[in-house]
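Colleague: Contents of model_8.cif (mmCIF, C-alpha atoms and all ligand atoms) are given next:
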data_start
loop_
_atom_site.label_atom_id
_atom_site.label_comp_id
_atom_site.auth_asym_id
_atom_site.auth_seq_id
_atom_site.Cartn_x
_atom_site.Cartn_y
_atom_site.Cartn_z
CA MET A 1 123.39 181.12 55.83
CA LEU A 2 122.59 181.58 52.12
CA ARG A 3 119.12 180.55 51.18
CA LEU A 4 117.12 180.45 47.97
CA GLU A 5 113.43 180.08 48.80
CA ASN A 6 111.22 178.94 45.95
CA VAL A 7 113.21 181.04 43.47
CA SER A 8 112.00 181.29 39.89
CA VAL A 9 113.91 183.03 37.10
CA ASP A 10 112.86 183.59 33.51
CA ILE A 11 115.35 184.39 30.77
CA ALA A 12 114.10 185.79 27.48
CA GLY A 13 110.56 184.88 28.55
CA ALA A 14 111.36 181.21 29.22
CA PRO A 15 111.39 179.68 32.72
CA VAL A 16 114.98 178.71 33.62
CA LEU A 17 114.68 178.24 37.40
CA ARG A 18 111.43 176.80 38.73
CA GLY A 19 110.91 177.13 42.47
CA VAL A 20 114.51 176.43 43.52
CA ASN A 21 115.05 175.79 47.24
CA LEU A 22 118.63 175.54 48.36
CA ALA A 23 120.44 176.43 51.57
CA VAL A 24 124.14 176.75 52.33
CA PRO A 25 124.87 176.84 56.08
CA PRO A 26 127.71 178.97 57.50
CA GLY A 27 130.96 177.23 56.64
CA GLY A 28 129.03 174.60 54.65
CA ARG A 29 130.58 172.95 51.59
CA VAL A 30 127.80 172.38 49.12
CA ALA A 31 127.80 171.15 45.52
CA LEU A 32 125.20 171.95 42.89
CA ILE A 33 125.39 169.32 40.18
CA GLY A 34 123.59 169.38 36.87
CA ARG A 35 123.99 168.83 33.15
CA ASN A 36 124.78 171.65 30.74
CA GLY A 37 121.85 174.03 30.64
CA ALA A 38 120.27 172.67 33.84
CA GLY A 39 120.40 176.09 35.54
CA LYS A 40 123.59 176.05 37.66
CA THR A 41 124.99 179.36 36.42
CA THR A 42 121.56 180.95 36.63
CA THR A 43 121.26 179.83 40.27
CA LEU A 44 124.60 181.45 41.17
CA ARG A 45 123.81 184.61 39.21
CA ALA A 46 120.44 184.88 40.96
CA LEU A 47 122.16 184.47 44.33
CA MET A 48 124.63 187.20 43.37
CA GLY A 49 121.89 189.59 42.22
CA LEU A 50 123.10 189.58 38.62
CA LEU A 51 119.71 188.80 37.14
CA PRO A 52 116.13 189.51 38.14
CA VAL A 53 114.11 186.96 40.06
CA ARG A 54 110.48 186.42 39.02
CA GLY A 55 109.37 184.80 42.28
CA GLY A 56 110.72 183.66 45.63
CA ASN A 57 113.30 185.08 48.01
CA ILE A 58 117.05 185.21 48.40
CA VAL A 59 118.05 185.48 52.03
CA VAL A 60 121.58 186.06 53.34
CA ASP A 61 122.06 185.68 57.08
CA GLY A 62 118.41 186.42 57.71
CA GLN A 63 118.35 189.52 55.46
CA ASN A 64 116.06 189.40 52.46
CA CYS A 65 118.26 190.51 49.55
CA THR A 66 115.94 189.54 46.73
CA GLY A 67 115.93 192.87 44.90
CA ALA A 68 119.34 194.07 46.12
CA PRO A 69 122.08 194.85 43.58
CA ALA A 70 125.16 192.64 43.26
CA TYR A 71 127.49 195.03 45.09
CA ARG A 72 125.30 194.72 48.20
CA ARG A 73 125.76 190.92 48.14
CA ALA A 74 129.50 191.40 47.76
CA ALA A 75 129.37 193.83 50.69
CA LEU A 76 127.67 191.08 52.71
CA GLY A 77 130.75 188.94 52.12
CA ILE A 78 129.82 186.85 49.09
CA GLY A 79 132.49 186.30 46.45
CA TYR A 80 131.76 184.91 43.00
CA ALA A 81 134.07 183.18 40.53
CA PRO A 82 132.15 182.92 37.23
CA GLU A 83 132.81 180.03 34.88
CA GLU A 84 134.32 182.35 32.27
CA ARG A 85 136.68 183.91 34.85
CA ARG A 86 135.98 187.46 33.60
CA LEU A 87 139.39 188.85 34.43
CA PHE A 88 140.49 192.22 33.06
CA GLY A 89 143.17 191.22 30.56
CA SER A 90 145.03 194.52 30.52
CA PHE A 91 145.24 194.61 34.33
CA THR A 92 147.86 192.68 36.24
CA VAL A 93 146.84 189.69 38.35
CA LEU A 94 147.39 191.78 41.47
CA GLU A 95 145.14 194.54 40.13
CA ASN A 96 142.47 191.97 39.29
CA LEU A 97 142.67 190.59 42.82
CA ARG A 98 142.35 194.03 44.38
CA LEU A 99 139.52 195.24 42.18
CA PRO A 100 136.45 193.89 44.04
CA ALA A 101 137.88 195.07 47.35
CA GLU A 102 138.47 198.52 45.83
CA VAL A 103 134.91 198.61 44.49
CA LEU A 104 133.72 197.92 48.04
CA ARG A 105 136.10 200.67 49.29
CA LEU A 106 137.65 198.42 51.88
CA PRO A 107 140.19 200.27 54.02
CA GLN A 108 143.78 199.73 52.84
CA PRO A 109 144.87 197.72 55.92
CA GLU A 110 141.90 195.37 55.48
CA MET A 111 142.65 195.01 51.79
CA ALA A 112 146.29 194.23 52.56
CA ARG A 113 145.25 191.67 55.17
CA ARG A 114 142.92 189.89 52.75
CA LEU A 115 145.47 189.97 49.95
CA ASP A 116 148.02 188.40 52.26
CA LEU A 117 145.53 185.69 53.22
CA VAL A 118 144.68 184.95 49.58
CA LEU A 119 148.36 184.74 48.62
CA THR A 120 149.02 182.43 51.56
CA LEU A 121 146.17 180.13 50.59
CA LEU A 122 146.99 180.26 46.87
CA PRO A 123 150.77 180.67 46.87
CA GLU A 124 151.11 180.17 43.12
CA LEU A 125 149.38 183.51 42.64
CA ARG A 126 152.51 185.20 44.04
CA ASP A 127 154.46 184.05 40.99
CA PHE A 128 152.17 185.66 38.48
CA ALA A 129 150.94 188.64 40.51
CA PRO A 130 152.78 191.20 38.32
CA ARG A 131 151.74 189.62 35.01
CA LYS A 132 148.91 190.85 32.81
CA ALA A 133 145.86 188.63 33.21
CA ALA A 134 145.58 188.33 29.41
CA GLY A 135 148.74 186.19 29.38
CA LEU A 136 147.49 183.55 31.81
CA SER A 137 146.52 180.02 30.88
CA GLY A 138 142.94 178.92 31.51
CA GLY A 139 143.94 177.06 34.68
CA GLN A 140 145.98 179.95 36.07
CA GLY A 141 143.04 182.23 35.36
CA LYS A 142 140.72 179.98 37.35
CA MET A 143 143.07 180.19 40.32
CA VAL A 144 143.08 184.00 40.05
CA ALA A 145 139.28 184.01 39.84
CA LEU A 146 139.17 181.95 43.04
CA GLY A 147 141.56 184.40 44.72
CA ARG A 148 139.47 187.36 43.57
CA ALA A 149 136.29 185.77 44.99
CA LEU A 150 138.10 185.24 48.30
CA MET A 151 139.09 188.91 48.49
CA VAL A 152 135.48 189.77 49.35
CA GLY A 153 134.04 186.34 50.19
CA THR A 154 134.29 186.45 53.97
CA ARG A 155 130.98 184.57 54.33
CA ALA A 156 130.78 182.53 51.16
CA VAL A 157 132.30 181.96 47.75
CA LEU A 158 130.29 180.80 44.75
CA LEU A 159 132.43 178.86 42.28
CA ASP A 160 130.93 178.12 38.87
CA GLU A 161 132.33 174.93 37.30
CA PRO A 162 135.90 175.65 38.36
CA PHE A 163 137.16 172.27 37.13
CA GLN A 164 135.70 172.69 33.66
CA GLY A 165 138.49 172.47 31.08
CA LEU A 166 141.31 172.04 33.60
CA ALA A 167 144.02 169.50 32.83
CA PRO A 168 144.17 166.75 35.49
CA ALA A 169 147.27 168.15 37.21
CA LEU A 170 145.73 171.60 37.45
CA ALA A 171 142.42 170.19 38.64
CA GLN A 172 144.35 168.41 41.38
CA ARG A 173 146.08 171.67 42.40
CA TYR A 174 142.76 173.49 42.41
CA ALA A 175 141.19 170.79 44.58
CA GLU A 176 144.16 171.05 46.97
CA ALA A 177 143.64 174.82 47.14
CA LEU A 178 139.98 174.26 48.07
CA ALA A 179 140.99 171.78 50.76
CA ARG A 180 143.45 174.37 52.21
CA LEU A 181 140.66 176.90 52.12
CA ARG A 182 138.39 174.57 54.04
CA ASP A 183 141.01 174.08 56.72
CA ALA A 184 142.15 177.72 56.98
CA LEU A 185 138.75 179.42 56.70
CA PRO A 186 136.24 177.02 58.23
CA ASP A 187 133.56 179.74 58.49
CA VAL A 188 133.57 180.57 54.78
CA ALA A 189 130.86 178.60 52.97
CA ILE A 190 131.53 177.25 49.49
CA LEU A 191 128.85 176.64 46.88
CA ILE A 192 130.43 174.95 43.90
CA THR A 193 128.79 173.84 40.66
CA GLU A 194 129.89 171.01 38.41
CA SER A 195 128.38 168.78 35.78
CA SER A 196 129.85 165.67 37.43
CA PRO A 197 130.17 165.03 41.17
CA ALA A 198 133.32 162.89 40.88
CA LEU A 199 135.84 165.67 41.58
CA LEU A 200 133.87 167.09 44.47
CA ARG A 201 133.39 163.99 46.60
CA GLN A 202 136.25 164.80 48.94
CA LEU A 203 135.38 168.47 49.14
CA VAL A 204 131.68 168.77 49.94
CA GLU A 205 129.30 167.59 52.64
CA GLN A 206 126.07 168.08 50.77
CA THR A 207 125.04 167.82 47.13
CA PHE A 208 122.02 169.27 45.38
CA VAL A 209 121.11 168.09 41.89
CA ILE A 210 119.41 170.45 39.46
CA GLU A 211 117.58 169.31 36.35
CA ARG A 212 115.73 171.59 33.96
CA GLY A 213 115.65 174.36 36.53
CA GLU A 214 114.37 172.22 39.41
CA ILE A 215 116.20 170.80 42.41
CA LEU A 216 115.61 167.06 42.46
CA ASP A 217 114.46 165.22 45.50
CA PRO A 218 117.59 163.52 46.94
CA ALA A 219 115.93 160.15 46.44
CA ASP A 220 115.59 160.83 42.69
CA ALA A 221 119.02 162.38 42.28
CA LEU A 222 121.36 159.75 40.91
CA THR A 223 124.61 161.66 40.73
CA ASP A 224 126.72 159.07 38.95
N1 LIG B 301 121.03 184.86 27.97
C1 LIG B 301 120.26 183.78 27.74
N2 LIG B 301 119.31 183.79 26.79
C2 LIG B 301 118.53 182.71 26.58
N3 LIG B 301 118.61 181.57 27.30
C3 LIG B 301 119.53 181.52 28.26
C4 LIG B 301 120.40 182.61 28.55
N4 LIG B 301 121.22 182.26 29.58
C5 LIG B 301 120.86 180.99 29.91
N5 LIG B 301 119.86 180.55 29.13
C6 LIG B 301 119.23 179.23 29.19
O1 LIG B 301 118.95 178.93 30.54
C7 LIG B 301 119.19 177.56 30.81
C8 LIG B 301 120.10 177.41 31.99
O2 LIG B 301 121.37 177.96 31.71
P1 LIG B 301 122.57 177.94 32.77
O3 LIG B 301 123.71 178.68 32.14
O4 LIG B 301 122.09 178.37 34.08
O5 LIG B 301 122.90 176.39 32.82
P2 LIG B 301 124.14 175.64 33.47
O6 LIG B 301 123.55 174.54 34.27
O7 LIG B 301 125.02 176.59 34.16
O8 LIG B 301 124.83 175.01 32.22
P3 LIG B 301 126.29 175.20 31.60
O9 LIG B 301 127.11 174.17 32.23
O10 LIG B 301 126.04 174.94 30.15
O11 LIG B 301 126.72 176.62 31.88
C9 LIG B 301 119.74 176.96 29.53
O12 LIG B 301 118.71 176.27 28.88
C10 LIG B 301 120.18 178.16 28.74
O13 LIG B 301 120.05 177.92 27.38
#
Mind converting the file's structure to structure tokens?
Modeller:
Amino acid sequence: MLRLENVSVDIAGAPVLRGVNLAVPPGGRVALIGRNGAGKTTTLRALMGLLPVRGGNIVVDGQNCTGAPAYRRAALGIGYAPEERRLFGSFTVLENLRLPAEVLRLPQPEMARRLDLVLTLLPELRDFAPRKAAGLSGGQGKMVALGRALMVGTRAVLLDEPFQGLAPALAQRYAEALARLRDALPDVAILITESSPALLRQLVEQTFVIERGEILDPADALTD
């Protein structure tokens, strides 16, 4: 279970998250919907330990991780695919996939097992595994970022606006990959942000709406 309890975050002295409460159950498929600037990326970055929290708690499987560094969250099995992909352009796709697992010093057999799983779930990654990440299209890069998150995300993956900027055919392939993921790894939770809920309807069971740094009451949250 991932849980944000009354989490507040300031950036450059301004409140960006105001008392956010949000829970993702084990294996849950949860969407966080909000307009540009509403606080979606900040919520994921706070969960990942990539920025300081002013108030509240971040709890992962009962452990309070609020002040813990990002690598500890990754070690707890949380993978993160940022909106801007953040791949290392001079590394191959395979090297990019292996990197978070190497940072966590996973044993080689475990790394090989996870790589095999990722390449089974996202078979198109096999085709560009030897290529430099710098040469990928935006859509291919998003698929690699999903694979990289899955290399360490044994409990949960956090996907920041993965459909943003994808051509319809690629968006369809990405959605199919998420559906395969749901079927093959039912225990891995997914928290996915988007500005519009339309693409996520088939993929999630629960939707939170964020507006100006606050989670709306479901009754007030008109998601269309
Ligand atoms: N480094 C920063 N310095 C100043 N303000 C920031 C910074 N990062 C984010 N913000 C502000 O925090 C608010 C929330 O940003 P956030 O990136 O979380 O929104 P978002 O919902 O993910 O939107 P988007 O879809 O545009 O990424 C915005 O008003 C943004 O301007």
Colleague: May I have the residues within 10 Å of Met48 (chain A) as number ranges by chain, using only C-alpha atoms and disregarding those fewer than 5 positions away in the same chain?
Modeller: A: 42-43, 58, 65-66, 68-74, 78-80, 158
Colleague: Around ligand LIG 301 (chain B), which protein and nucleic acid residues have at least one atom no more than 9 Å from it, if we count only C-alpha atoms and all ligand atoms? List them as a PyMOL selection string.
Modeller: chain A and resi 10-17+33-45+83+160-161+164+193-195+210-213
Colleague: Could you write out that same residue set with C-alpha atoms as a compact mmCIF listing (two decimals), keeping the file's coordinate frame?
Modeller:
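This went into result07.txt:
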# COMPACT_ATOMS: atom_id res chain seq x y z
CA ASP A 10 112.86 183.59 33.51
CA ILE A 11 115.35 184.39 30.77
CA ALA A 12 114.10 185.79 27.48
CA GLY A 13 110.56 184.88 28.55
CA ALA A 14 111.36 181.21 29.22
CA PRO A 15 111.39 179.68 32.72
CA VAL A 16 114.98 178.71 33.62
CA LEU A 17 114.68 178.24 37.40
CA ILE A 33 125.39 169.32 40.18
CA GLY A 34 123.59 169.38 36.87
CA ARG A 35 123.99 168.83 33.15
CA ASN A 36 124.78 171.65 30.74
CA GLY A 37 121.85 174.03 30.64
CA ALA A 38 120.27 172.67 33.84
CA GLY A 39 120.40 176.09 35.54
CA LYS A 40 123.59 176.05 37.66
CA THR A 41 124.99 179.36 36.42
CA THR A 42 121.56 180.95 36.63
CA THR A 43 121.26 179.83 40.27
CA LEU A 44 124.60 181.45 41.17
CA ARG A 45 123.81 184.61 39.21
CA GLU A 83 132.81 180.03 34.88
CA ASP A 160 130.93 178.12 38.87
CA GLU A 161 132.33 174.93 37.30
CA GLN A 164 135.70 172.69 33.66
CA THR A 193 128.79 173.84 40.66
CA GLU A 194 129.89 171.01 38.41
CA SER A 195 128.38 168.78 35.78
CA ILE A 210 119.41 170.45 39.46
CA GLU A 211 117.58 169.31 36.35
CA ARG A 212 115.73 171.59 33.96
CA GLY A 213 115.65 174.36 36.53
Colleague: Can you work out the spacing between CA of Asp217 (chain A) and CA of Val60 (chain A) in Å, to one decimal?
Modeller: 23.4 Å
Colleague: In Å, rounded to a single decimal, give me how far CA of Met1 (chain A) is from CA of Gly56 (chain A).
Modeller: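 Between these atoms lies a distance of 16.5 Å.
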Colleague: Could you name the residues that touch Gly77 (chain A) at 6 Å or less, counting only C-alpha atoms, but leaving out those on the same chain fewer than 6 positions away, as a short mmCIF file (atom, residue, chain, number, x, y, z; two decimals) with C-alpha atoms, in the coordinates of the input?
Modeller:
data_model
loop_
_atom_site.label_atom_id
_atom_site.label_comp_id
_atom_site.auth_asym_id
_atom_site.auth_seq_id
_atom_site.Cartn_x
_atom_site.Cartn_y
_atom_site.Cartn_z
CA VAL A 152 135.48 189.77 49.35
CA GLY A 153 134.04 186.34 50.19
CA THR A 154 134.29 186.45 53.97
CA ARG A 155 130.98 184.57 54.33
#
Colleague: Restricting the calculation to all atoms listed in the file, which member of A:Ile215, A:Leu122, A:Ala133, A:Ile192 is positioned closest to Glu176 (chain A)?
Modeller: A:Leu122
Colleague: Select, from A:Leu136, A:Ala145, A:Leu104, A:Ala175, the residue with the minimum atom-to-atom distance to Val118 (chain A), counting all atoms listed in the file.
Modeller: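 Of A:Leu136, A:Ala145, A:Leu104, A:Ala175, the one nearest Val118 (chain A) is A:Ala145, counting all atoms listed in the file.
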Colleague: Which is closer to Gly19 (chain A) than all the others in A:Phe128, A:Glu214, A:Pro162, A:Phe208, using all atoms listed in the file?
Modeller: A:Glu214
Colleague: Could you state the separation of CA of Val20 (chain A) and CA of Pro197 (chain A) in Å, given to one decimal place?
Modeller: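 The value is 19.5 Å.
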Colleague: Taking all atoms listed in the file into account, name the residue in A:Ile190, A:Val9, A:Leu94, A:Ala179 that is nearest to Leu50 (chain A).
Modeller: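 Under the stated criterion, the closest residue is A:Val9.
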Colleague: Let me make sure I understand: among A:Leu216, A:Ala134, A:Leu119, A:Val59, which one has the smallest atom-to-atom distance to Arg85 (chain A) if we use only C-alpha atoms?
Modeller: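 Nearest candidate to Arg85 (chain A) out of A:Leu216, A:Ala134, A:Leu119, A:Val59: A:Ala134.
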Colleague: Please write out, as AutoDock Vina command-line options, where the centre of an axis-aligned box around all listed atoms of region 156-167 of chain A lies and how long its edges are, in Å to one decimal, after adding 5 Å on each side.
Modeller:
--center_x 137.2 --center_y 176.0 --center_z 41.1 --size_x 23.7 --size_y 23.0 --size_z 30.1
Colleague: Given only C-alpha atoms as the basis, pick out the residue of A:Leu170, A:Met151, A:Val204, A:Val188 nearest to Leu97 (chain A).
Modeller: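 That would be A:Met151, the residue with the smallest distance to Leu97 (chain A).
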Colleague: In the coordinate frame of the file, compute which residues have an atom within 9 Å of (112.6, 189.1, 38.0) when using all atoms listed in the file, and state them as a list in words.
Modeller: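 Within the cut-off we find Ser8, Val9, Asp10, Leu51, Pro52, Val53, Arg54, Gly55 and Gly67 of chain A.
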Colleague: From the block you just saw, export region 69-108 of chain A: N, CA and C atoms, as a PDB file, in the first residue's frame.
Modeller:
ATOM      1  N   PRO A  69      15.517   8.910   1.375  1.00  0.00           N
ATOM      2  CA  PRO A  69      15.945   9.270   0.024  1.00  0.00           C
ATOM      3  C   PRO A  69      15.314   8.371  -1.047  1.00  0.00           C
ATOM      4  N   ALA A  70      15.367   8.852  -2.288  1.00  0.00           N
ATOM      5  CA  ALA A  70      14.685   8.154  -3.389  1.00  0.00           C
ATOM      6  C   ALA A  70      15.159   6.715  -3.538  1.00  0.00           C
ATOM      7  N   TYR A  71      16.468   6.465  -3.355  1.00  0.00           N
ATOM      8  CA  TYR A  71      16.929   5.089  -3.604  1.00  0.00           C
ATOM      9  C   TYR A  71      16.292   4.110  -2.636  1.00  0.00           C
ATOM     10  N   ARG A  72      15.915   4.611  -1.408  1.00  0.00           N
ATOM     11  CA  ARG A  72      15.262   3.698  -0.466  1.00  0.00           C
ATOM     12  C   ARG A  72      13.871   3.328  -0.968  1.00  0.00           C
ATOM     13  N   ARG A  73      13.192   4.287  -1.636  1.00  0.00           N
ATOM     14  CA  ARG A  73      11.850   3.961  -2.175  1.00  0.00           C
ATOM     15  C   ARG A  73      12.004   2.956  -3.309  1.00  0.00           C
ATOM     16  N   ALA A  74      13.037   3.179  -4.136  1.00  0.00           N
ATOM     17  CA  ALA A  74      13.265   2.222  -5.224  1.00  0.00           C
ATOM     18  C   ALA A  74      13.556   0.847  -4.629  1.00  0.00           C
ATOM     19  N   ALA A  75      14.337   0.827  -3.534  1.00  0.00           N
ATOM     20  CA  ALA A  75      14.668  -0.453  -2.902  1.00  0.00           C
ATOM     21  C   ALA A  75      13.425  -1.124  -2.321  1.00  0.00           C
ATOM     22  N   LEU A  76      12.402  -0.318  -2.005  1.00  0.00           N
ATOM     23  CA  LEU A  76      11.143  -0.895  -1.516  1.00  0.00           C
ATOM     24  C   LEU A  76      10.277  -1.423  -2.667  1.00  0.00           C
ATOM     25  N   GLY A  77      10.744  -1.242  -3.900  1.00  0.00           N
ATOM     26  CA  GLY A  77      10.022  -1.796  -5.039  1.00  0.00           C
ATOM     27  C   GLY A  77       9.115  -0.805  -5.738  1.00  0.00           C
ATOM     28  N   ILE A  78       9.520   0.478  -5.714  1.00  0.00           N
ATOM     29  CA  ILE A  78       8.722   1.487  -6.420  1.00  0.00           C
ATOM     30  C   ILE A  78       9.513   1.994  -7.619  1.00  0.00           C
ATOM     31  N   GLY A  79       8.940   1.844  -8.794  1.00  0.00           N
ATOM     32  CA  GLY A  79       9.571   2.331 -10.026  1.00  0.00           C
ATOM     33  C   GLY A  79       8.879   3.596 -10.484  1.00  0.00           C
ATOM     34  N   TYR A  80       9.631   4.463 -11.146  1.00  0.00           N
ATOM     35  CA  TYR A  80       9.088   5.776 -11.533  1.00  0.00           C
ATOM     36  C   TYR A  80       9.453   6.054 -12.986  1.00  0.00           C
ATOM     37  N   ALA A  81       8.455   6.403 -13.784  1.00  0.00           N
ATOM     38  CA  ALA A  81       8.699   6.814 -15.174  1.00  0.00           C
ATOM     39  C   ALA A  81       8.300   8.281 -15.282  1.00  0.00           C
ATOM     40  N   PRO A  82       9.292   9.208 -15.204  1.00  0.00           N
ATOM     41  CA  PRO A  82       8.948  10.632 -15.252  1.00  0.00           C
ATOM     42  C   PRO A  82       8.403  11.028 -16.613  1.00  0.00           C
ATOM     43  N   GLU A  83       7.690  12.146 -16.632  1.00  0.00           N
ATOM     44  CA  GLU A  83       7.078  12.594 -17.889  1.00  0.00           C
ATOM     45  C   GLU A  83       8.144  12.819 -18.962  1.00  0.00           C
ATOM     46  N   GLU A  84       9.271  13.376 -18.559  1.00  0.00           N
ATOM     47  CA  GLU A  84      10.318  13.684 -19.546  1.00  0.00           C
ATOM     48  C   GLU A  84      11.272  12.522 -19.777  1.00  0.00           C
ATOM     49  N   ARG A  85      10.854  11.319 -19.451  1.00  0.00           N
ATOM     50  CA  ARG A  85      11.588  10.075 -19.710  1.00  0.00           C
ATOM     51  C   ARG A  85      12.931   9.994 -19.006  1.00  0.00           C
ATOM     52  N   ARG A  86      13.781  11.058 -19.175  1.00  0.00           N
ATOM     53  CA  ARG A  86      15.090  11.065 -18.510  1.00  0.00           C
ATOM     54  C   ARG A  86      15.907   9.814 -18.781  1.00  0.00           C
ATOM     55  N   LEU A  87      16.033   9.484 -20.056  1.00  0.00           N
ATOM     56  CA  LEU A  87      16.932   8.375 -20.411  1.00  0.00           C
ATOM     57  C   LEU A  87      18.329   8.943 -20.639  1.00  0.00           C
ATOM     58  N   PHE A  88      19.337   8.093 -20.511  1.00  0.00           N
ATOM     59  CA  PHE A  88      20.706   8.527 -20.796  1.00  0.00           C
ATOM     60  C   PHE A  88      20.960   8.279 -22.274  1.00  0.00           C
ATOM     61  N   GLY A  89      21.057   9.384 -23.028  1.00  0.00           N
ATOM     62  CA  GLY A  89      21.106   9.295 -24.490  1.00  0.00           C
ATOM     63  C   GLY A  89      22.294   8.541 -25.037  1.00  0.00           C
ATOM     64  N   SER A  90      23.426   8.598 -24.343  1.00  0.00           N
ATOM     65  CA  SER A  90      24.615   7.931 -24.889  1.00  0.00           C
ATOM     66  C   SER A  90      24.672   6.459 -24.476  1.00  0.00           C
ATOM     67  N   PHE A  91      23.741   6.041 -23.614  1.00  0.00           N
ATOM     68  CA  PHE A  91      23.669   4.626 -23.233  1.00  0.00           C
ATOM     69  C   PHE A  91      22.698   3.914 -24.178  1.00  0.00           C
ATOM     70  N   THR A  92      22.908   2.619 -24.344  1.00  0.00           N
ATOM     71  CA  THR A  92      21.940   1.855 -25.127  1.00  0.00           C
ATOM     72  C   THR A  92      20.644   1.702 -24.317  1.00  0.00           C
ATOM     73  N   VAL A  93      19.602   1.269 -25.016  1.00  0.00           N
ATOM     74  CA  VAL A  93      18.323   1.007 -24.340  1.00  0.00           C
ATOM     75  C   VAL A  93      18.518  -0.040 -23.254  1.00  0.00           C
ATOM     76  N   LEU A  94      19.274  -1.089 -23.577  1.00  0.00           N
ATOM     77  CA  LEU A  94      19.518  -2.149 -22.594  1.00  0.00           C
ATOM     78  C   LEU A  94      20.221  -1.594 -21.359  1.00  0.00           C
ATOM     79  N   GLU A  95      21.223  -0.752 -21.585  1.00  0.00           N
ATOM     80  CA  GLU A  95      21.942  -0.157 -20.444  1.00  0.00           C
ATOM     81  C   GLU A  95      21.011   0.717 -19.615  1.00  0.00           C
ATOM     82  N   ASN A  96      20.140   1.462 -20.289  1.00  0.00           N
ATOM     83  CA  ASN A  96      19.174   2.290 -19.555  1.00  0.00           C
ATOM     84  C   ASN A  96      18.253   1.426 -18.709  1.00  0.00           C
ATOM     85  N   LEU A  97      17.838   0.282 -19.275  1.00  0.00           N
ATOM     86  CA  LEU A  97      16.932  -0.602 -18.529  1.00  0.00           C
ATOM     87  C   LEU A  97      17.630  -1.166 -17.292  1.00  0.00           C
ATOM     88  N   ARG A  98      18.914  -1.507 -17.463  1.00  0.00           N
ATOM     89  CA  ARG A  98      19.630  -2.156 -16.357  1.00  0.00           C
ATOM     90  C   ARG A  98      20.028  -1.188 -15.249  1.00  0.00           C
ATOM     91  N   LEU A  99      20.116   0.087 -15.594  1.00  0.00           N
ATOM     92  CA  LEU A  99      20.721   1.051 -14.679  1.00  0.00           C
ATOM     93  C   LEU A  99      20.098   1.079 -13.270  1.00  0.00           C
ATOM     94  N   PRO A 100      18.761   1.223 -13.134  1.00  0.00           N
ATOM     95  CA  PRO A 100      18.227   1.308 -11.767  1.00  0.00           C
ATOM     96  C   PRO A 100      18.474   0.025 -10.972  1.00  0.00           C
ATOM     97  N   ALA A 101      18.464  -1.104 -11.667  1.00  0.00           N
ATOM     98  CA  ALA A 101      18.724  -2.368 -10.964  1.00  0.00           C
ATOM     99  C   ALA A 101      20.186  -2.434 -10.531  1.00  0.00           C
ATOM    100  N   GLU A 102      21.088  -1.852 -11.357  1.00  0.00           N
ATOM    101  CA  GLU A 102      22.505  -1.831 -10.972  1.00  0.00           C
ATOM    102  C   GLU A 102      22.727  -0.895  -9.791  1.00  0.00           C
ATOM    103  N   VAL A 103      22.018   0.247  -9.811  1.00  0.00           N
ATOM    104  CA  VAL A 103      22.149   1.185  -8.687  1.00  0.00           C
ATOM    105  C   VAL A 103      21.729   0.495  -7.387  1.00  0.00           C
ATOM    106  N   LEU A 104      20.693  -0.338  -7.479  1.00  0.00           N
ATOM    107  CA  LEU A 104      20.227  -1.060  -6.282  1.00  0.00           C
ATOM    108  C   LEU A 104      21.077  -2.290  -5.975  1.00  0.00           C
ATOM    109  N   ARG A 105      22.081  -2.555  -6.849  1.00  0.00           N
ATOM    110  CA  ARG A 105      22.976  -3.715  -6.682  1.00  0.00           C
ATOM    111  C   ARG A 105      22.197  -5.024  -6.575  1.00  0.00           C
ATOM    112  N   LEU A 106      21.226  -5.164  -7.460  1.00  0.00           N
ATOM    113  CA  LEU A 106      20.514  -6.440  -7.496  1.00  0.00           C
ATOM    114  C   LEU A 106      21.472  -7.519  -7.977  1.00  0.00           C
ATOM    115  N   PRO A 107      21.367  -8.716  -7.432  1.00  0.00           N
ATOM    116  CA  PRO A 107      22.216  -9.811  -7.916  1.00  0.00           C
ATOM    117  C   PRO A 107      21.948 -10.066  -9.401  1.00  0.00           C
ATOM    118  N   GLN A 108      22.994 -10.478 -10.120  1.00  0.00           N
ATOM    119  CA  GLN A 108      22.875 -10.681 -11.578  1.00  0.00           C
ATOM    120  C   GLN A 108      21.697 -11.588 -11.959  1.00  0.00           C
TER     121      GLN A 108
END
